[in-house]
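Next comes my_file-v9.cif, with mmCIF, C-alpha atoms and all ligand atoms.
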data_entry
loop_
_atom_site.label_atom_id
_atom_site.label_comp_id
_atom_site.auth_asym_id
_atom_site.auth_seq_id
_atom_site.Cartn_x
_atom_site.Cartn_y
_atom_site.Cartn_z
CA MET D 355 -103.87 164.16 54.08
CA ASN D 356 -102.00 165.97 56.86
CA GLU D 357 -101.50 169.72 57.15
CA ALA D 358 -97.89 169.67 56.00
CA ASP D 359 -98.88 167.87 52.79
CA ARG D 360 -101.73 170.29 52.14
CA LYS D 361 -99.34 173.20 52.58
CA ARG D 362 -96.85 171.53 50.24
CA LEU D 363 -99.54 171.07 47.60
CA LEU D 364 -100.47 174.75 47.71
CA ARG D 365 -96.80 175.65 47.41
CA GLU D 366 -96.43 173.31 44.43
CA MET D 367 -99.35 174.93 42.58
CA MET D 368 -98.03 178.41 43.37
CA PHE D 369 -94.61 177.33 42.17
CA TYR D 370 -96.05 176.00 38.89
CA ARG D 371 -97.97 179.24 38.25
CA ARG D 372 -94.89 181.37 38.89
CA PHE D 373 -92.68 179.03 36.85
CA GLU D 374 -94.96 179.46 33.86
CA ASP D 375 -95.37 183.22 34.35
CA ARG D 376 -91.58 183.38 34.30
CA CYS D 377 -91.54 181.36 31.05
CA PHE D 378 -93.92 183.95 29.58
CA GLU D 379 -91.54 186.74 30.58
CA ALA D 380 -88.49 184.92 29.20
CA TYR D 381 -90.37 184.40 25.93
CA MET D 382 -91.13 188.13 25.71
CA GLU D 383 -87.43 188.78 26.31
CA ARG D 384 -86.76 186.39 23.38
CA LYS D 385 -84.78 184.04 25.58
CA ILE D 386 -87.24 181.24 24.85
CA GLY D 387 -88.19 180.65 21.22
CA GLY D 388 -90.49 178.41 19.21
CA PHE D 389 -93.86 177.33 20.54
CA LEU D 390 -94.78 177.83 24.18
CA HIS D 391 -98.07 176.55 25.61
CA LEU D 392 -98.72 177.54 29.19
CA TYR D 393 -100.78 175.67 31.78
CA SER D 394 -101.98 178.52 34.05
CA GLY D 395 -105.47 177.78 35.35
CA GLN D 396 -105.24 174.01 34.94
CA GLU D 397 -102.70 173.34 37.74
CA ALA D 398 -105.13 171.43 39.99
CA VAL D 399 -105.46 168.67 37.38
CA ALA D 400 -101.84 167.58 36.91
CA THR D 401 -100.97 168.32 40.54
CA GLY D 402 -103.97 166.47 41.96
CA VAL D 403 -103.87 163.44 39.67
CA LEU D 404 -100.13 162.89 39.96
CA GLU D 405 -100.23 163.41 43.73
CA LYS D 406 -102.22 160.18 43.83
CA ALA D 407 -100.02 158.34 41.31
CA ARG D 408 -96.62 156.79 41.87
CA VAL D 409 -94.29 159.51 40.68
CA ASN D 410 -90.79 160.57 41.63
CA ARG D 411 -89.76 156.93 42.00
CA GLY D 412 -87.29 156.59 39.16
CA THR D 413 -88.15 153.86 36.69
CA ASP D 414 -90.29 151.95 39.22
CA GLY D 415 -92.99 154.62 39.08
CA ASP D 416 -96.04 154.92 36.86
CA TYR D 417 -95.53 156.08 33.27
CA VAL D 418 -96.74 159.59 32.48
CA ILE D 419 -97.27 160.98 29.01
CA THR D 420 -98.97 164.10 27.65
CA GLY D 421 -99.20 166.57 24.77
CA TYR D 422 -97.38 169.84 24.23
CA ARG D 423 -98.67 171.66 27.36
CA ASP D 424 -96.23 169.57 29.31
CA HIS D 425 -93.93 171.52 31.64
CA ILE D 426 -95.91 171.02 34.83
CA HIS D 427 -96.69 167.34 34.20
CA ALA D 428 -92.95 166.77 33.72
CA ILE D 429 -91.99 168.56 36.92
CA LYS D 430 -94.65 166.87 39.07
CA THR D 431 -93.53 163.50 37.68
CA GLY D 432 -90.00 164.25 38.87
CA ALA D 433 -88.15 166.07 36.08
CA PRO D 434 -85.92 168.72 37.73
CA PRO D 435 -87.39 172.23 37.14
CA ARG D 436 -83.91 173.51 36.30
CA GLU D 437 -83.67 171.04 33.42
CA VAL D 438 -87.17 171.89 32.19
CA MET D 439 -86.33 175.61 32.14
CA ALA D 440 -82.97 174.91 30.46
CA GLU D 441 -84.82 172.90 27.81
CA LEU D 442 -87.07 175.88 27.12
CA TYR D 443 -83.95 178.00 26.75
CA GLY D 444 -82.59 175.43 24.25
CA LYS D 445 -79.55 174.68 26.41
CA GLU D 446 -77.36 171.57 26.52
CA THR D 447 -78.36 171.02 30.19
CA GLY D 448 -82.06 170.77 29.28
CA SER D 449 -84.07 167.60 29.77
CA SER D 450 -83.83 166.84 26.03
CA ARG D 451 -80.36 168.42 25.78
CA GLY D 452 -81.91 171.53 24.29
CA ARG D 453 -82.98 169.69 21.14
CA GLY D 454 -86.68 169.40 21.95
CA GLY D 455 -87.87 172.68 23.45
CA SER D 456 -91.15 173.34 25.20
CA MET D 457 -93.26 170.67 23.50
CA HIS D 458 -90.72 167.85 23.91
CA ILE D 459 -89.79 167.63 27.56
CA PHE D 460 -88.71 164.03 28.18
CA ASP D 461 -87.21 162.36 31.21
CA PRO D 462 -87.23 158.57 31.17
CA THR D 463 -85.19 158.49 34.39
CA VAL D 464 -88.51 159.24 36.15
CA ASN D 465 -90.79 157.59 33.54
CA PHE D 466 -91.91 160.91 32.11
CA MET D 467 -92.30 159.75 28.52
CA GLY D 468 -92.98 163.18 26.93
CA GLY D 469 -94.17 165.87 25.69
CA TYR D 470 -95.60 165.46 22.10
CA ALA D 471 -96.42 168.14 19.56
CA LEU D 472 -98.88 166.09 17.55
CA VAL D 473 -102.42 166.20 18.88
CA GLY D 474 -103.54 162.64 19.64
CA GLN D 475 -100.04 161.18 19.43
CA PRO D 476 -99.75 160.18 23.11
CA PHE D 477 -102.88 157.96 23.10
CA PRO D 478 -101.36 154.93 21.32
CA LEU D 479 -98.02 155.47 23.04
CA ALA D 480 -99.79 155.32 26.41
CA ALA D 481 -101.45 152.07 25.36
CA GLY D 482 -98.00 150.74 24.47
CA LEU D 483 -96.64 151.73 27.87
CA ALA D 484 -99.59 150.02 29.56
CA LEU D 485 -99.01 146.93 27.43
CA ALA D 486 -95.39 146.93 28.62
CA CYS D 487 -96.62 147.08 32.26
CA LYS D 488 -98.87 144.13 31.50
CA HIS D 489 -96.05 142.09 29.94
CA LYS D 490 -93.69 142.91 32.80
CA SER D 491 -96.41 141.83 35.27
CA THR D 492 -95.72 144.82 37.50
CA ASP D 493 -98.46 146.87 39.12
CA GLN D 494 -97.30 150.02 37.34
CA ILE D 495 -99.85 151.87 35.23
CA ALA D 496 -99.69 154.39 32.38
CA ILE D 497 -101.28 157.82 32.78
CA CYS D 498 -102.11 159.75 29.64
CA PHE D 499 -103.12 163.42 29.88
CA LEU D 500 -104.74 165.03 26.88
CA GLY D 501 -106.94 167.91 25.84
CA ASP D 502 -110.58 167.80 24.79
CA GLY D 503 -109.67 168.68 21.19
CA ALA D 504 -107.52 165.57 20.84
CA ASN D 505 -110.55 163.34 21.26
CA ASN D 506 -111.65 163.67 17.65
CA GLN D 507 -108.41 162.21 16.33
CA GLY D 508 -108.47 158.68 14.92
CA THR D 509 -105.79 157.64 17.42
CA PHE D 510 -108.24 158.35 20.25
CA HIS D 511 -110.84 155.86 19.01
CA GLU D 512 -108.31 153.22 17.97
CA THR D 513 -106.58 153.42 21.33
CA MET D 514 -109.76 153.30 23.43
CA ASN D 515 -110.96 150.24 21.58
CA MET D 516 -107.64 148.45 21.96
CA ALA D 517 -107.15 149.46 25.60
CA SER D 518 -110.55 147.97 26.37
CA ILE D 519 -110.27 144.66 24.51
CA TRP D 520 -106.68 144.12 25.68
CA ASP D 521 -107.39 145.06 29.32
CA LEU D 522 -104.65 147.68 29.45
CA PRO D 523 -103.84 149.38 32.78
CA VAL D 524 -104.04 152.94 31.52
CA LEU D 525 -105.69 156.02 32.97
CA PHE D 526 -106.78 158.59 30.39
CA VAL D 527 -107.05 162.06 31.89
CA CYS D 528 -109.02 164.45 29.71
CA GLU D 529 -108.28 168.07 30.56
CA ASN D 530 -111.43 169.61 29.15
CA ASN D 531 -110.64 173.32 28.93
CA GLN D 532 -113.42 173.60 26.33
CA TYR D 533 -111.24 174.97 23.54
CA ALA D 534 -108.94 173.55 20.91
CA ILE D 535 -106.89 176.61 19.97
CA GLY D 536 -109.71 179.03 19.02
CA THR D 537 -112.48 176.49 18.46
CA ARG D 538 -115.00 176.07 21.25
CA ILE D 539 -115.78 172.42 21.89
CA ASP D 540 -119.44 172.55 20.80
CA ARG D 541 -118.35 173.74 17.34
CA SER D 542 -116.14 170.70 16.76
CA THR D 543 -117.56 167.88 18.86
CA ALA D 544 -120.97 166.23 18.77
CA VAL D 545 -120.84 164.95 22.37
CA THR D 546 -119.29 167.69 24.49
CA ASP D 547 -119.20 165.68 27.75
CA GLN D 548 -116.19 163.59 26.86
CA TYR D 549 -116.69 160.88 29.48
CA LYS D 550 -119.97 159.91 27.78
CA ARG D 551 -118.06 158.81 24.70
CA MET D 552 -116.56 155.93 26.67
CA CYS D 553 -119.76 153.88 26.54
CA ALA D 554 -118.76 153.10 22.94
CA TYR D 555 -115.68 151.28 24.23
CA ASN D 556 -116.98 149.73 27.41
CA ILE D 557 -114.55 151.82 29.47
CA GLU D 558 -115.51 153.14 32.92
CA ALA D 559 -115.55 156.93 32.98
CA SER D 560 -116.48 159.95 35.07
CA GLN D 561 -116.45 163.75 34.97
CA HIS D 562 -115.36 166.13 37.74
CA ASP D 563 -114.53 169.72 38.63
CA GLY D 564 -110.90 170.30 37.61
CA MET D 565 -110.50 173.61 39.45
CA ASP D 566 -110.69 172.18 42.96
CA ILE D 567 -107.66 170.06 43.84
CA ASP D 568 -109.49 168.26 46.65
CA VAL D 569 -112.12 167.07 44.16
CA VAL D 570 -109.40 166.12 41.67
CA MET D 571 -107.46 164.09 44.24
CA GLU D 572 -110.49 162.22 45.49
CA ALA D 573 -111.61 161.28 41.98
CA ALA D 574 -108.08 160.48 40.80
CA GLU D 575 -107.41 158.21 43.76
CA LYS D 576 -110.46 156.10 42.97
CA ALA D 577 -109.63 155.97 39.27
CA ILE D 578 -106.00 155.03 39.88
CA ASP D 579 -106.99 152.32 42.36
CA TYR D 580 -109.37 150.95 39.74
CA VAL D 581 -106.74 150.86 36.97
CA ARG D 582 -104.02 149.45 39.23
CA GLY D 583 -106.25 146.87 40.84
CA LYS D 584 -108.50 145.77 37.99
CA ARG D 585 -105.85 146.12 35.24
CA ARG D 586 -108.43 147.88 33.09
CA PRO D 587 -108.51 151.32 31.43
CA TYR D 588 -110.39 154.23 33.00
CA PHE D 589 -111.26 157.62 31.50
CA ILE D 590 -111.48 160.59 33.82
CA GLU D 591 -112.57 164.02 32.62
CA PHE D 592 -111.82 167.26 34.45
CA MET D 593 -113.63 170.49 33.56
CA THR D 594 -111.06 173.25 33.56
CA TYR D 595 -109.96 176.46 31.82
CA ARG D 596 -106.68 177.85 30.59
CA PHE D 597 -106.14 181.40 31.75
CA ARG D 598 -103.71 182.35 29.01
CA GLY D 599 -103.96 182.02 25.24
CA HIS D 600 -103.48 178.71 23.47
CA SER D 601 -99.83 179.54 22.85
CA MET D 602 -97.95 182.79 22.81
CA SER D 603 -99.49 184.32 19.70
CA ASP D 604 -103.16 184.33 20.67
CA ALA D 605 -105.29 187.44 21.17
CA LYS D 606 -108.12 185.24 22.56
CA GLY D 607 -110.67 186.90 20.28
CA TYR D 608 -112.77 183.74 20.32
CA ARG D 609 -113.93 184.04 23.93
CA THR D 610 -115.47 186.83 25.97
CA ARG D 611 -113.85 188.67 28.87
CA GLU D 612 -116.97 187.87 30.92
CA GLU D 613 -116.38 184.15 30.45
CA GLU D 614 -112.71 184.55 31.40
CA LYS D 615 -113.64 186.49 34.54
CA GLU D 616 -116.14 183.85 35.60
CA TRP D 617 -113.46 181.16 35.37
CA GLU D 618 -110.84 183.32 37.06
CA LYS D 619 -113.11 183.35 40.12
CA ARG D 620 -112.54 179.61 40.17
CA ASP D 621 -108.72 179.91 40.09
CA PRO D 622 -107.50 176.62 41.63
CA ILE D 623 -104.82 178.40 43.65
CA ARG D 624 -107.31 180.92 45.00
CA ILE D 625 -109.80 178.17 45.93
CA PHE D 626 -107.23 176.04 47.70
CA SER D 627 -105.46 178.87 49.52
CA ALA D 628 -108.80 180.25 50.79
CA ARG D 629 -109.70 176.78 52.05
CA LEU D 630 -106.37 176.33 53.84
CA ILE D 631 -106.73 179.75 55.49
CA GLU D 632 -110.24 178.83 56.62
CA GLU D 633 -109.00 175.49 57.97
CA GLY D 634 -106.28 177.36 59.90
CA VAL D 635 -103.53 175.47 58.08
CA ILE D 636 -101.92 178.62 56.74
CA THR D 637 -102.13 182.42 57.16
CA PRO D 638 -102.09 185.11 54.45
CA GLU D 639 -98.66 186.13 55.79
CA ASP D 640 -97.38 182.56 55.32
CA ILE D 641 -98.59 182.70 51.72
CA LYS D 642 -96.77 185.99 51.12
CA ALA D 643 -93.57 184.48 52.53
CA MET D 644 -94.05 181.42 50.32
CA GLU D 645 -94.46 183.63 47.26
CA LYS D 646 -91.19 185.36 48.02
CA GLU D 647 -89.37 182.08 48.58
CA ILE D 648 -90.71 180.73 45.27
CA ASP D 649 -89.69 183.89 43.40
CA ASP D 650 -86.17 183.62 44.83
CA GLU D 651 -85.89 179.94 43.92
CA ILE D 652 -87.10 180.48 40.37
CA GLU D 653 -84.97 183.54 39.76
CA ASN D 654 -81.76 182.69 41.57
CA ASP D 655 -81.63 178.97 41.00
CA ILE D 656 -83.78 177.85 38.06
CA VAL D 657 -83.59 180.80 35.65
CA ARG D 658 -79.97 181.45 36.51
CA PHE D 659 -79.12 177.81 35.75
CA ALA D 660 -80.85 178.07 32.35
CA GLU D 661 -79.23 181.39 31.50
CA GLU D 662 -75.73 180.31 32.51
CA SER D 663 -75.88 176.91 30.81
CA PRO D 664 -74.10 176.51 27.46
CA PRO D 665 -76.03 176.06 24.21
CA PRO D 666 -75.47 172.81 22.30
CA LYS D 667 -72.31 172.89 20.20
CA VAL D 668 -72.76 173.16 16.44
CA GLU D 669 -70.56 170.09 15.92
CA ASP D 670 -72.97 168.14 18.17
CA LEU D 671 -75.97 168.90 15.98
CA THR D 672 -76.72 165.26 15.16
CA ARG D 673 -75.76 163.91 18.57
CA TYR D 674 -78.55 161.89 20.26
CA VAL D 675 -80.43 161.73 16.99
CA LEU D 676 -79.52 158.14 16.18
CA ASP D 677 -79.58 155.35 18.73
CA ASP D 678 -75.94 154.49 18.17
CA ASN D 679 -75.18 157.62 20.11
CA PRO D 680 -77.68 157.74 22.98
CA ASP D 681 -77.73 160.15 25.85
CA PRO D 682 -75.84 158.35 28.66
CA ARG D 683 -78.60 159.25 31.13
CA TRP D 684 -81.08 157.26 29.10
CA ILE D 685 -79.16 154.02 28.88
CA GLY D 686 -80.89 151.59 31.16
CA PRO D 687 -84.45 150.43 31.14
CA LEU D 688 -85.06 151.75 27.65
CA GLN D 689 -82.08 149.93 26.17
CA LYS D 690 -82.64 146.57 27.79
C1 LIG C 701 -102.04 166.10 14.40
C2 LIG C 701 -102.16 167.56 14.72
N1 LIG C 701 -103.15 168.28 14.17
C3 LIG C 701 -103.26 169.60 14.44
C4 LIG C 701 -102.37 170.21 15.29
C5 LIG C 701 -102.53 171.68 15.62
N2 LIG C 701 -103.02 171.85 16.98
C6 LIG C 701 -102.17 172.13 17.98
S1 LIG C 701 -102.95 172.24 19.44
C7 LIG C 701 -104.45 171.91 18.77
C8 LIG C 701 -105.69 171.89 19.63
C9 LIG C 701 -105.72 170.83 20.67
O1 LIG C 701 -106.66 171.15 21.66
P1 LIG C 701 -106.85 170.33 22.98
O2 LIG C 701 -106.62 168.89 22.70
O3 LIG C 701 -108.15 170.70 23.55
O4 LIG C 701 -105.67 170.81 23.94
P2 LIG C 701 -105.43 172.20 24.67
O5 LIG C 701 -104.54 173.01 23.77
O6 LIG C 701 -106.73 172.82 24.92
O7 LIG C 701 -104.69 171.87 25.92
C10 LIG C 701 -104.33 171.73 17.41
C11 LIG C 701 -105.45 171.45 16.50
C12 LIG C 701 -101.35 169.42 15.85
N3 LIG C 701 -100.45 169.92 16.70
N4 LIG C 701 -101.28 168.09 15.57
MG MG C 702 -108.64 172.02 25.00
#
Since I need it in another form, could you write the structure as structure tokens?
Amino acid sequence: MNEADRKRLLREMMFYRRFEDRCFEAYMERKIGGFLHLYSGQEAVATGVLEKARVNRGTDGDYVITGYRDHIHAIKTGAPPREVMAELYGKETGSSRGRGGSMHIFDPTVNFMGGYALVGQPFPLAAGLALACKHKSTDQIAICFLGDGANNQGTFHETMNMASIWDLPVLFVCENNQYAIGTRIDRSTAVTDQYKRMCAYNIEASQHDGMDIDVVMEAAEKAIDYVRGKRRPYFIEFMTYRFRGHSMSDAKGYRTREEEKEWEKRDPIRIFSARLIEEGVITPEDIKAMEKEIDDEIENDIVRFAEESPPPKVEDLTRYVLDDNPDPRWIGPLQK
């Protein structure tokens, strides 16, 4: 990867962190309502995996699907950040026209297939997307991100079994942040290394550091090549940590400050920026300038767009609910 791309990746992760910090602030100002699950700390996973996937290619790209902690996955797949922020604000210009909110970002124009509130829901949907790739005989694949807590759902086991016996081209990305809301993984799960569970389904699997984007990219590239080439499922597990609470109302009483501090030392942005400085790719001054540029973009373009956009009209309440009245942007591959 050349220097310009490495710089861009650092900027992307810094942008994602600031985007989410800004969401936190807007929530405190009561401009964003409902549930809000932030991704701070886990940026290297979505950024690194999707960097190696085919994203931002309209409907020719790979399919990406995830749970409710979805803003950054949507943006990296190609959903415009303005539309993601407007969705959080519940505005008509949002990616789901303001009807979905934080947990339901959806943009089929770039094959970002959501954003789901139900834990475990994306597994079978990802298998369906992979089955569609198989039927279409393209070399597209489906990529399904999910948390460690989702792996005890019935859908997980049903999907793994089916993906294996049907040879589905799907990459399962387990973001193991070691907690499901306030429950530490060893209190809910007999086998805490999630990749080990794949031997029950004859699915290739591996586990890696999810805080170092270079490690993530290297592992993701191999896994994606495997799925795309062999037309078989693969399960990749990244060990990571969320820096904020599960959602907005979380005092984090279930974990110690010492543990949090240990993981904060492994902040993916800190690790990668230190490495780029050491490599001579970037200077601390460049990073400061980047921060300022990102702040300006988020404030003066993205947040402004969300704030100035109109809310949905009351008379449009049921619009886009039934398929006889679809969103014009979504007519196309989905309707064929
Ligand atoms: C079917 C279902 N059961 C329970 C919940 C409540 N719930 C929301 S998030 C969550 C924990 C999921 O943890 P994990 O999969 O590790 O994801 P993380 O939040 O750590 O990213 C639970 C139990 C839900 N949303 N859906
Ligand atoms: Mg978790």
### Query
Closest to D:Thr672 among D:Lys361, D:Glu446, D:Gly469, D:Arg453, using all atoms listed in the file?
D:Arg453
Sorted per-residue table, chain D near ligand MG 702 (chain C), closest atoms and distance, 12 Å, all atoms listed in the file, as CSV:
residue,atom,partner,partner_atom,distance
D:His391,CA,C:MG702,MG,11.5
D:Tyr393,CA,C:MG702,MG,11.0
D:Gln396,CA,C:MG702,MG,10.7
D:Gly421,CA,C:MG702,MG,10.9
D:Tyr422,CA,C:MG702,MG,11.5
D:Arg423,CA,C:MG702,MG,10.3
D:Val473,CA,C:MG702,MG,10.5
D:Gly474,CA,C:MG702,MG,11.9
D:Phe499,CA,C:MG702,MG,11.3
D:Leu500,CA,C:MG702,MG,8.2
D:Gly501,CA,C:MG702,MG,4.5
D:Asp502,CA,C:MG702,MG,4.6
D:Gly503,CA,C:MG702,MG,5.2
D:Ala504,CA,C:MG702,MG,7.8
D:Asn505,CA,C:MG702,MG,9.6
D:Asn506,CA,C:MG702,MG,11.5
D:Cys528,CA,C:MG702,MG,8.9
D:Glu529,CA,C:MG702,MG,6.8
D:Asn530,CA,C:MG702,MG,5.6
D:Asn531,CA,C:MG702,MG,4.6
D:Gln532,CA,C:MG702,MG,5.2
D:Tyr533,CA,C:MG702,MG,4.2
D:Ala534,CA,C:MG702,MG,4.4
D:Ile535,CA,C:MG702,MG,7.0
D:Gly536,CA,C:MG702,MG,9.3
D:Thr537,CA,C:MG702,MG,8.8
D:Arg538,CA,C:MG702,MG,8.4
D:Ile539,CA,C:MG702,MG,7.8
D:Asp540,CA,C:MG702,MG,11.6
D:Ser542,CA,C:MG702,MG,11.2
D:Thr543,CA,C:MG702,MG,11.6
D:Thr546,CA,C:MG702,MG,11.5
D:Gln548,CA,C:MG702,MG,11.5
D:Glu591,CA,C:MG702,MG,11.7
D:Phe592,CA,C:MG702,MG,11.0
D:Met593,CA,C:MG702,MG,10.0
D:Thr594,CA,C:MG702,MG,9.0
D:Tyr595,CA,C:MG702,MG,8.2
D:Arg596,CA,C:MG702,MG,8.3
D:Phe597,CA,C:MG702,MG,11.8
D:Gly599,CA,C:MG702,MG,11.0
D:His600,CA,C:MG702,MG,8.6
D:Ser601,CA,C:MG702,MG,11.8
### Query
If I put a ball of radius 10 Å at (-115.5, 151.6, 26.4) in the file's coordinates, which residues poke into it when counting all atoms listed in the file, written as a VMD selection string?
chain D and resid 511 514 to 519 549 to 559 587 to 589
### Summary
atom CA of D:Cys498 sits from atom CA of D:Glu614 at a separation of 27.0 Å
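Counting all atoms listed in the file and comparing D:Glu653, D:Glu669, D:Asp375, D:Asp424, the residue that lies closest to ligand LIG 701 (chain C) is D:Asp424.
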Tell me, as a compact mmCIF listing (two decimals) with C-alpha atoms, in the coordinates of the input, which residues lie within 8 Å of D:Val464, counting all atoms listed in the file; anything in the same chain fewer than 6 positions away does not count.
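File produced: selection_29.txt:
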# COMPACT_ATOMS: atom_id res chain seq x y z
CA VAL D 409 -94.29 159.51 40.68
CA ASN D 410 -90.79 160.57 41.63
CA ARG D 411 -89.76 156.93 42.00
CA GLY D 412 -87.29 156.59 39.16
CA THR D 413 -88.15 153.86 36.69
CA GLY D 415 -92.99 154.62 39.08
CA THR D 431 -93.53 163.50 37.68
CA GLY D 432 -90.00 164.25 38.87
CA ALA D 433 -88.15 166.07 36.08
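Picture a line from atom CA of D:Val581 to atom CA of D:Pro523; it runs 5.3 Å.
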### Query
Taking into account all atoms listed in the file, which residue in the set D:Ile429, D:Ala358, D:Leu479, D:Ala471 is nearest to ligand LIG 701 (chain C)?
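The answer is D:Ala471, which sits nearest to ligand LIG 701 (chain C).
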Around all the atoms of stretch 617-623 of chain D listed in the file, with 5 Å of room on each side, what axis-aligned box do you get, giving centre and edge lengths in Å to one decimal, as lines of an AutoDock Vina configuration file?
center_x = -109.1
center_y = 180.0
center_z = 39.5
size_x = 18.6
size_y = 16.7
size_z = 18.3
